[in-house]
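Asks: Data file model.pdb (PDB, C-alpha atoms) is appended below.
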ATOM      1  CA  HIS I   1      44.522  49.332-115.184
ATOM      2  CA  LEU I   2      45.266  46.656-112.618
ATOM      3  CA  LEU I   3      42.441  46.053-110.136
ATOM      4  CA  ASP I   4      42.040  43.975-107.015
ATOM      5  CA  ALA I   5      39.031  41.711-107.656
ATOM      6  CA  ARG I   6      38.356  41.570-103.902
ATOM      7  CA  ILE I   7      37.300  45.254-103.790
ATOM      8  CA  ASP I   8      33.525  45.519-104.097
ATOM      9  CA  GLY I   9      32.701  47.954-106.912
ATOM     10  CA  GLY I  10      36.375  48.329-107.768
ATOM     11  CA  LEU I  11      35.809  48.691-111.505
ATOM     12  CA  LEU I  12      33.297  51.525-111.027
ATOM     13  CA  LEU I  13      35.547  53.257-108.499
ATOM     14  CA  GLU I  14      38.478  52.976-110.884
ATOM     15  CA  LEU I  15      36.529  54.360-113.828
ATOM     16  CA  TYR I  16      34.497  57.107-112.143
ATOM     17  CA  SER I  17      36.763  58.606-109.497
ATOM     18  CA  ARG I  18      39.885  60.714-109.992
ATOM     19  CA  ASP I  19      42.172  58.510-107.915
ATOM     20  CA  GLY I  20      40.556  55.122-108.492
ATOM     21  CA  VAL I  21      41.479  52.054-106.461
ATOM     22  CA  GLY I  22      43.823  50.230-108.799
ATOM     23  CA  THR I  23      47.137  50.763-110.482
ATOM     24  CA  MET I  24      47.391  52.415-113.866
ATOM     25  CA  ILE I  25      50.326  51.855-116.181
ATOM     26  CA  SER I  26      50.644  54.559-118.796
ATOM     27  CA  ALA I  27      53.212  56.119-121.081
ATOM     28  CA  ASP I  28      51.394  59.451-120.762
ATOM     29  CA  PHE I  29      52.054  62.109-118.112
ATOM     30  CA  TYR I  30      49.574  61.491-115.288
ATOM     31  CA  GLU I  31      51.083  63.134-112.209
ATOM     32  CA  GLY I  32      54.184  65.189-111.744
ATOM     33  CA  ILE I  33      55.822  68.439-110.740
ATOM     34  CA  ARG I  34      56.572  71.089-113.325
ATOM     35  CA  LYS I  35      56.668  74.818-113.985
ATOM     36  CA  ALA I  36      53.223  76.404-114.251
ATOM     37  CA  GLN I  37      51.780  77.150-117.666
ATOM     38  CA  LEU I  38      49.058  79.522-118.847
ATOM     39  CA  ASN I  39      46.418  76.781-118.872
ATOM     40  CA  ASP I  40      47.080  76.241-115.121
ATOM     41  CA  LEU I  41      45.712  79.661-114.159
ATOM     42  CA  ASP I  42      42.162  78.508-113.306
ATOM     43  CA  GLY I  43      43.339  75.501-111.303
ATOM     44  CA  LEU I  44      45.940  77.553-109.465
ATOM     45  CA  ALA I  45      43.409  80.257-108.592
ATOM     46  CA  ALA I  46      40.974  77.614-107.307
ATOM     47  CA  LEU I  47      43.688  76.030-105.138
ATOM     48  CA  LEU I  48      44.803  79.341-103.609
ATOM     49  CA  GLU I  49      41.370  80.964-103.135
ATOM     50  CA  PRO I  50      40.323  79.237 -99.866
ATOM     51  CA  LEU I  51      43.701  80.037 -98.296
ATOM     52  CA  GLU I  52      43.498  83.665 -99.432
ATOM     53  CA  LYS I  53      39.970  83.988 -98.004
ATOM     54  CA  GLY I  54      41.204  82.530 -94.723
ATOM     55  CA  GLY I  55      44.011  85.092 -94.533
ATOM     56  CA  ILE I  56      46.678  82.394 -94.714
ATOM     57  CA  LEU I  57      47.986  83.531 -98.096
ATOM     58  CA  VAL I  58      48.274  87.037 -99.508
ATOM     59  CA  LYS I  59      45.373  87.812-101.843
ATOM     60  CA  ARG I  60      46.449  88.147-105.465
ATOM     61  CA  SER I  61      44.304  89.327-108.349
ATOM     62  CA  ARG I  62      43.939  87.144-111.410
ATOM     63  CA  GLU I  63      46.205  89.556-113.293
ATOM     64  CA  GLU I  64      48.888  89.306-110.589
ATOM     65  CA  LEU I  65      48.654  85.509-110.697
ATOM     66  CA  ALA I  66      49.003  85.543-114.479
ATOM     67  CA  ASP I  67      52.087  87.788-114.228
ATOM     68  CA  MET I  68      53.652  85.502-111.599
ATOM     69  CA  LEU I  69      52.731  82.260-113.370
ATOM     70  CA  PRO I  70      56.237  81.556-114.755
ATOM     71  CA  ARG I  71      57.566  81.631-111.179
ATOM     72  CA  PHE I  72      55.082  79.044-109.908
ATOM     73  CA  THR I  73      55.831  75.347-109.682
ATOM     74  CA  VAL I  74      52.803  73.058-109.606
ATOM     75  CA  ILE I  75      51.909  69.475-108.853
ATOM     76  CA  GLU I  76      49.522  68.274-111.536
ATOM     77  CA  ARG I  77      47.556  65.057-111.545
ATOM     78  CA  ASP I  78      45.323  64.161-114.466
ATOM     79  CA  ASN I  79      45.041  67.848-115.492
ATOM     80  CA  ARG I  80      44.207  69.021-111.947
ATOM     81  CA  ILE I  81      46.483  71.258-109.857
ATOM     82  CA  LEU I  82      47.095  69.578-106.489
ATOM     83  CA  GLY I  83      49.853  71.805-105.136
ATOM     84  CA  ALA I  84      51.771  74.966-105.857
ATOM     85  CA  ALA I  85      54.722  77.039-104.739
ATOM     86  CA  LEU I  86      55.923  80.464-105.808
ATOM     87  CA  LEU I  87      59.662  81.191-105.975
ATOM     88  CA  LEU I  88      60.618  84.873-106.108
ATOM     89  CA  ASP I  89      64.237  85.903-106.624
ATOM     90  CA  LEU I  90      64.895  88.702-104.114
ATOM     91  CA  GLY I  91      68.441  89.495-105.193
ATOM     92  CA  GLN I  92      71.285  89.839-102.699
ATOM     93  CA  THR I  93      71.554  90.782 -99.068
ATOM     94  CA  PRO I  94      74.092  93.477 -98.100
ATOM     95  CA  ASP I  95      76.622  90.705 -97.362
ATOM     96  CA  GLY I  96      76.241  89.232-100.892
ATOM     97  CA  VAL I  97      74.031  86.192-100.219
ATOM     98  CA  THR I  98      71.543  85.451-103.015
ATOM     99  CA  VAL I  99      68.023  85.047-101.634
ATOM    100  CA  ALA I 100      64.709  83.740-102.969
ATOM    101  CA  GLU I 101      61.346  83.764-101.240
ATOM    102  CA  VAL I 102      59.038  80.755-101.162
ATOM    103  CA  GLY I 103      55.429  81.911-101.194
ATOM    104  CA  ALA I 104      51.934  80.564-101.814
ATOM    105  CA  PHE I 105      53.115  77.079-100.812
ATOM    106  CA  CYS I 106      50.118  74.777-100.583
ATOM    107  CA  VAL I 107      48.832  71.292-101.285
ATOM    108  CA  ASP I 108      45.160  70.413-101.785
ATOM    109  CA  PRO I 109      43.820  69.232 -98.383
ATOM    110  CA  ILE I 110      42.717  65.902 -99.876
ATOM    111  CA  TYR I 111      46.328  65.108-100.812
ATOM    112  CA  ARG I 112      48.143  66.338 -97.700
ATOM    113  CA  GLY I 113      50.134  63.778 -95.762
ATOM    114  CA  SER I 114      51.032  61.843 -98.909
ATOM    115  CA  GLY I 115      54.547  63.233 -99.415
ATOM    116  CA  ARG I 116      53.563  65.636-102.177
ATOM    117  CA  GLY I 117      54.536  68.687-100.122
ATOM    118  CA  ASP I 118      57.986  67.193 -99.555
ATOM    119  CA  SER I 119      58.363  66.491-103.266
ATOM    120  CA  LEU I 120      57.261  70.022-104.154
ATOM    121  CA  LEU I 121      59.630  71.624-101.638
ATOM    122  CA  ASP I 122      62.497  69.438-102.843
ATOM    123  CA  TYR I 123      61.809  70.453-106.443
ATOM    124  CA  VAL I 124      61.705  74.152-105.520
ATOM    125  CA  GLU I 125      64.912  73.879-103.472
ATOM    126  CA  GLN I 126      66.788  72.175-106.302
ATOM    127  CA  ASP I 127      65.430  74.693-108.820
ATOM    128  CA  ALA I 128      66.583  77.569-106.597
ATOM    129  CA  HIS I 129      69.999  76.013-105.967
ATOM    130  CA  GLY I 130      70.459  75.388-109.685
ATOM    131  CA  GLY I 131      69.698  79.070-110.292
ATOM    132  CA  GLY I 132      72.444  80.195-107.912
ATOM    133  CA  ILE I 133      70.219  80.890-104.892
ATOM    134  CA  GLN I 134      71.999  80.383-101.565
ATOM    135  CA  ARG I 135      69.178  81.087 -99.117
ATOM    136  CA  LEU I 136      65.433  80.479 -99.112
ATOM    137  CA  VAL I 137      63.126  82.562 -96.965
ATOM    138  CA  LEU I 138      59.441  82.424 -96.216
ATOM    139  CA  LEU I 139      57.216  84.847 -94.382
ATOM    140  CA  THR I 140      54.184  83.696 -92.446
ATOM    141  CA  THR I 141      51.714  84.965 -89.891
ATOM    142  CA  ARG I 142      50.797  81.365 -89.034
ATOM    143  CA  THR I 143      52.603  78.454 -87.529
ATOM    144  CA  ALA I 144      55.422  77.052 -89.634
ATOM    145  CA  ASP I 145      55.962  73.692 -87.919
ATOM    146  CA  TRP I 146      55.967  71.812 -91.226
ATOM    147  CA  PHE I 147      58.724  74.040 -92.602
ATOM    148  CA  GLU I 148      60.714  73.881 -89.350
ATOM    149  CA  GLN I 149      60.729  70.085 -89.669
ATOM    150  CA  ARG I 150      62.378  70.631 -93.062
ATOM    151  CA  ASP I 151      65.231  72.786 -91.730
ATOM    152  CA  PHE I 152      63.716  76.262 -92.024
ATOM    153  CA  ARG I 153      64.751  78.253 -88.944
ATOM    154  CA  TRP I 154      62.742  81.002 -87.269
ATOM    155  CA  GLN I 155      64.511  84.380 -87.380
ATOM    156  CA  GLY I 156      61.957  86.681 -85.729
ATOM    157  CA  ALA I 157      59.952  89.539 -87.197
ATOM    158  CA  ALA I 158      60.458  89.742 -90.957
ATOM    159  CA  TYR I 159      60.256  93.538 -91.263
ATOM    160  CA  ALA I 160      63.330  93.982 -89.050
ATOM    161  CA  SER I 161      65.528  91.158 -90.325
ATOM    162  CA  GLU I 162      68.921  91.862 -91.870
ATOM    163  CA  LEU I 163      68.662  88.467 -93.590
ATOM    164  CA  LEU I 164      66.296  89.940 -96.189
ATOM    165  CA  PRO I 165      67.371  92.271 -98.971
ATOM    166  CA  ILE I 166      66.422  95.886 -98.201
ATOM    167  CA  GLY I 167      63.973  96.058-101.111
ATOM    168  CA  ARG I 168      61.929  93.156 -99.718
ATOM    169  CA  ARG I 169      62.013  94.443 -96.138
ATOM    170  CA  SER I 170      60.614  97.790 -97.253
ATOM    171  CA  ARG I 171      57.477  96.069 -98.652
ATOM    172  CA  ILE I 172      56.596  94.245 -95.416
ATOM    173  CA  ASN I 173      53.681  95.600 -93.389
ATOM    174  CA  PRO I 174      54.833  95.524 -89.721
ATOM    175  CA  ALA I 175      51.189  95.433 -88.571
ATOM    176  CA  ARG I 176      50.812  91.920 -90.054
ATOM    177  CA  ASN I 177      53.622  90.707 -87.771
ATOM    178  CA  SER I 178      54.969  88.309 -90.418
ATOM    179  CA  GLN I 179      57.624  85.980 -89.063
ATOM    180  CA  LEU I 180      60.698  85.090 -91.078
ATOM    181  CA  TYR I 181      61.940  81.537 -91.607
ATOM    182  CA  VAL I 182      65.238  80.859 -93.370
ATOM    183  CA  LYS I 183      66.926  77.849 -94.929
ATOM    184  CA  ASN I 184      70.454  77.972 -96.311
ATOM    185  CA  LEU I 185      70.757  75.774 -99.376
ATOM    186  CA  VAL I 186      73.526  73.266 -99.847
ATOM    187  CA  ALA I 187      74.352  71.180-102.897
ATOM    188  CA  PRO I 188      72.146  68.086-103.190
ATOM    189  CA  ALA I 189      73.909  64.949-101.996
ATOM    190  CA  ASP I 190      72.539  62.911-104.891
ATOM    191  CA  ASP I 191      72.404  63.570-108.601
ATOM    192  CA  LEU I 192      68.656  62.967-108.799
ATOM    193  CA  ALA I 193      65.982  64.864-110.682
ATOM    194  CA  PRO I 194      64.204  67.652-108.759
ATOM    195  CA  GLY I 195      61.363  66.300-106.661
ATOM    196  CA  LYS I 196      62.875  62.826-106.395
ATOM    197  CA  ARG I 197      65.329  63.382-103.517
ATOM    198  CA  ILE I 198      62.946  62.500-100.687
ATOM    199  CA  GLY I 199      64.105  61.421 -97.256
ATOM    200  CA  PHE I 200      65.281  64.498 -95.411
TER     201      PHE I 200
END
I'd like the structure from this file rewritten - as structure tokens, please.
Replies:
Amino acid sequence: HLLDARIDGGLLLELYSRDGVGTMISADFYEGIRKAQLNDLDGLAALLEPLEKGGILVKRSREELADMLPRFTVIERDNRILGAALLLDLGQTPDGVTVAEVGAFCVDPIYRGSGRGDSLLDYVEQDAHGGGIQRLVLLTTRTADWFEQRDFRWQGAAYASELLPIGRRSRINPARNSQLYVKNLVAPADDLAPGKRIGF
């Protein structure tokens, strides 16, 4: 641990807070983005719960979360889940475009504005592209300004969109008035690891 001696109480803050005030050099995994694992279930549920209660995210039972766990990507820091995104392969549209849906995308409010959302989205996009996905979609009943700034384009009401495979459209409740946002994926310009290609 490297500490600035000018910070009053710096040693205590470094030792007894999650983020500390210094710099830690370690060979161990401290923070990163990876596929979710079974031991992430509690942390993932805790991260999603406030957003589900607020109606921002679709409510999922613990069993549903456990079933979907392999399709979640998480940001973990010191064994705590800070962010998550669900990637669901939707198959092909009638015109043959492979589509995946980004869902349950969130970052812990304490860590928003620090670039973690960008890193998570970049990781998910590269993962999808590597799996042969040509188009990402997301459905929301809320504003999607953050996603629009990252090249997702509004396409209108989701239940009526031809850009979604028929199977997915049939499961949309028109009364929710979910809006569809779409991003066509292109090959990454750089040969960097997922989550490292920041600077859109």
Asks: Evaluate the PyMOL selection byres ((chain I and resi 35-49) around 10) on the structure here and hand back the selected residues as a ChimeraX atom specification.
Replies: /I:33-34,50-63,65-76,79-86,104-109,124
Asks: Between I:Ile7, I:Ala128, I:Ala100, I:Thr93, which one has atoms that come closest to Ser161 in chain I, using all atoms listed in the file?
Replies: I:Thr93
Asks: Env of Thr140 in chain I: 7 Å cut, atoms = only C-alpha atoms, seq-sep filter 2 positions within chain, self excluded. Answer as an mmCIF file with C-alpha atoms, in the coordinates of the input.
Replies:
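Generated output (result_9.cif):
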data_model
loop_
_atom_site.group_PDB
_atom_site.id
_atom_site.type_symbol
_atom_site.label_atom_id
_atom_site.label_comp_id
_atom_site.auth_asym_id
_atom_site.auth_seq_id
_atom_site.Cartn_x
_atom_site.Cartn_y
_atom_site.Cartn_z
ATOM 1 C CA LEU I 138 59.441 82.424 -96.216
ATOM 2 C CA ARG I 142 50.797 81.365 -89.034
ATOM 3 C CA SER I 178 54.969 88.309 -90.418
ATOM 4 C CA GLN I 179 57.624 85.980 -89.063
ATOM 5 C CA LEU I 180 60.698 85.090 -91.078
#
Asks: Which one is closest to Val182 in chain I: I:Gly167, I:Gly113, I:Gly156, I:Gly91? Count all atoms listed in the file.
Replies: I:Gly156
Asks: Evaluating the PyMOL selection byres ((chain I and resi 146-152) around 6) on the displayed file yields which residues, as a list of chain:residue names?
Replies: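 What the PyMOL selection byres ((chain I and resi 146-152) around 6) grabs from the file is I:Ala144, I:Asp145, I:Arg153, I:Tyr181, I:Val182, I:Lys183.
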Asks: What does the distance between CA of Tyr159 in chain I and CA of Asn184 in chain I come to in Å, to one decimal place?
Replies: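 Between CA of Tyr159 in chain I and CA of Asn184 in chain I the gap works out to 19.3 Å.
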Asks: Between I:Gly32, I:Gly9, I:Gly131, I:Pro165, which residue has the minimum interatomic distance to Arg77 in chain I, considering all atoms listed in the file?
Replies: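 Using all atoms listed in the file, Arg77 in chain I sits closest to I:Gly32.
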Asks: Given the choices I:Ala157, I:Ile172, I:Leu139, I:Val102, which gets closest to Asp122 in chain I if the distance is worked out from only C-alpha atoms?
Replies: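 With only C-alpha atoms as the atom set, the closest residue is I:Val102.
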Asks: As an exercise, work out the distance from CA of Gly96 in chain I to CA of Gly130 in chain I in Å and give it to one decimal place.
Replies: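 CA of Gly130 in chain I lies 17.4 Å from CA of Gly96 in chain I.
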Asks: Between CA of Val97 in chain I and CA of Tyr123 in chain I, what is the distance in Å, rounded to a tenth?
Replies: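 One can read the CA of Val97 in chain I to CA of Tyr123 in chain I distance as 20.9 Å.
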Asks: Determine the nearest neighbour of Val137 in chain I from the options I:Gly103, I:Glu64, I:Ala175, I:Ala160, counting only C-alpha atoms.
Replies: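 Selected residue with least distance to Val137 in chain I: I:Gly103.
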Asks: Please determine, counting all atoms listed in the file, which residue among I:Ile166, I:Leu185, I:Leu136, I:Leu87 has the shortest atom-to-atom distance to Val99 in chain I.
Replies: I:Leu136
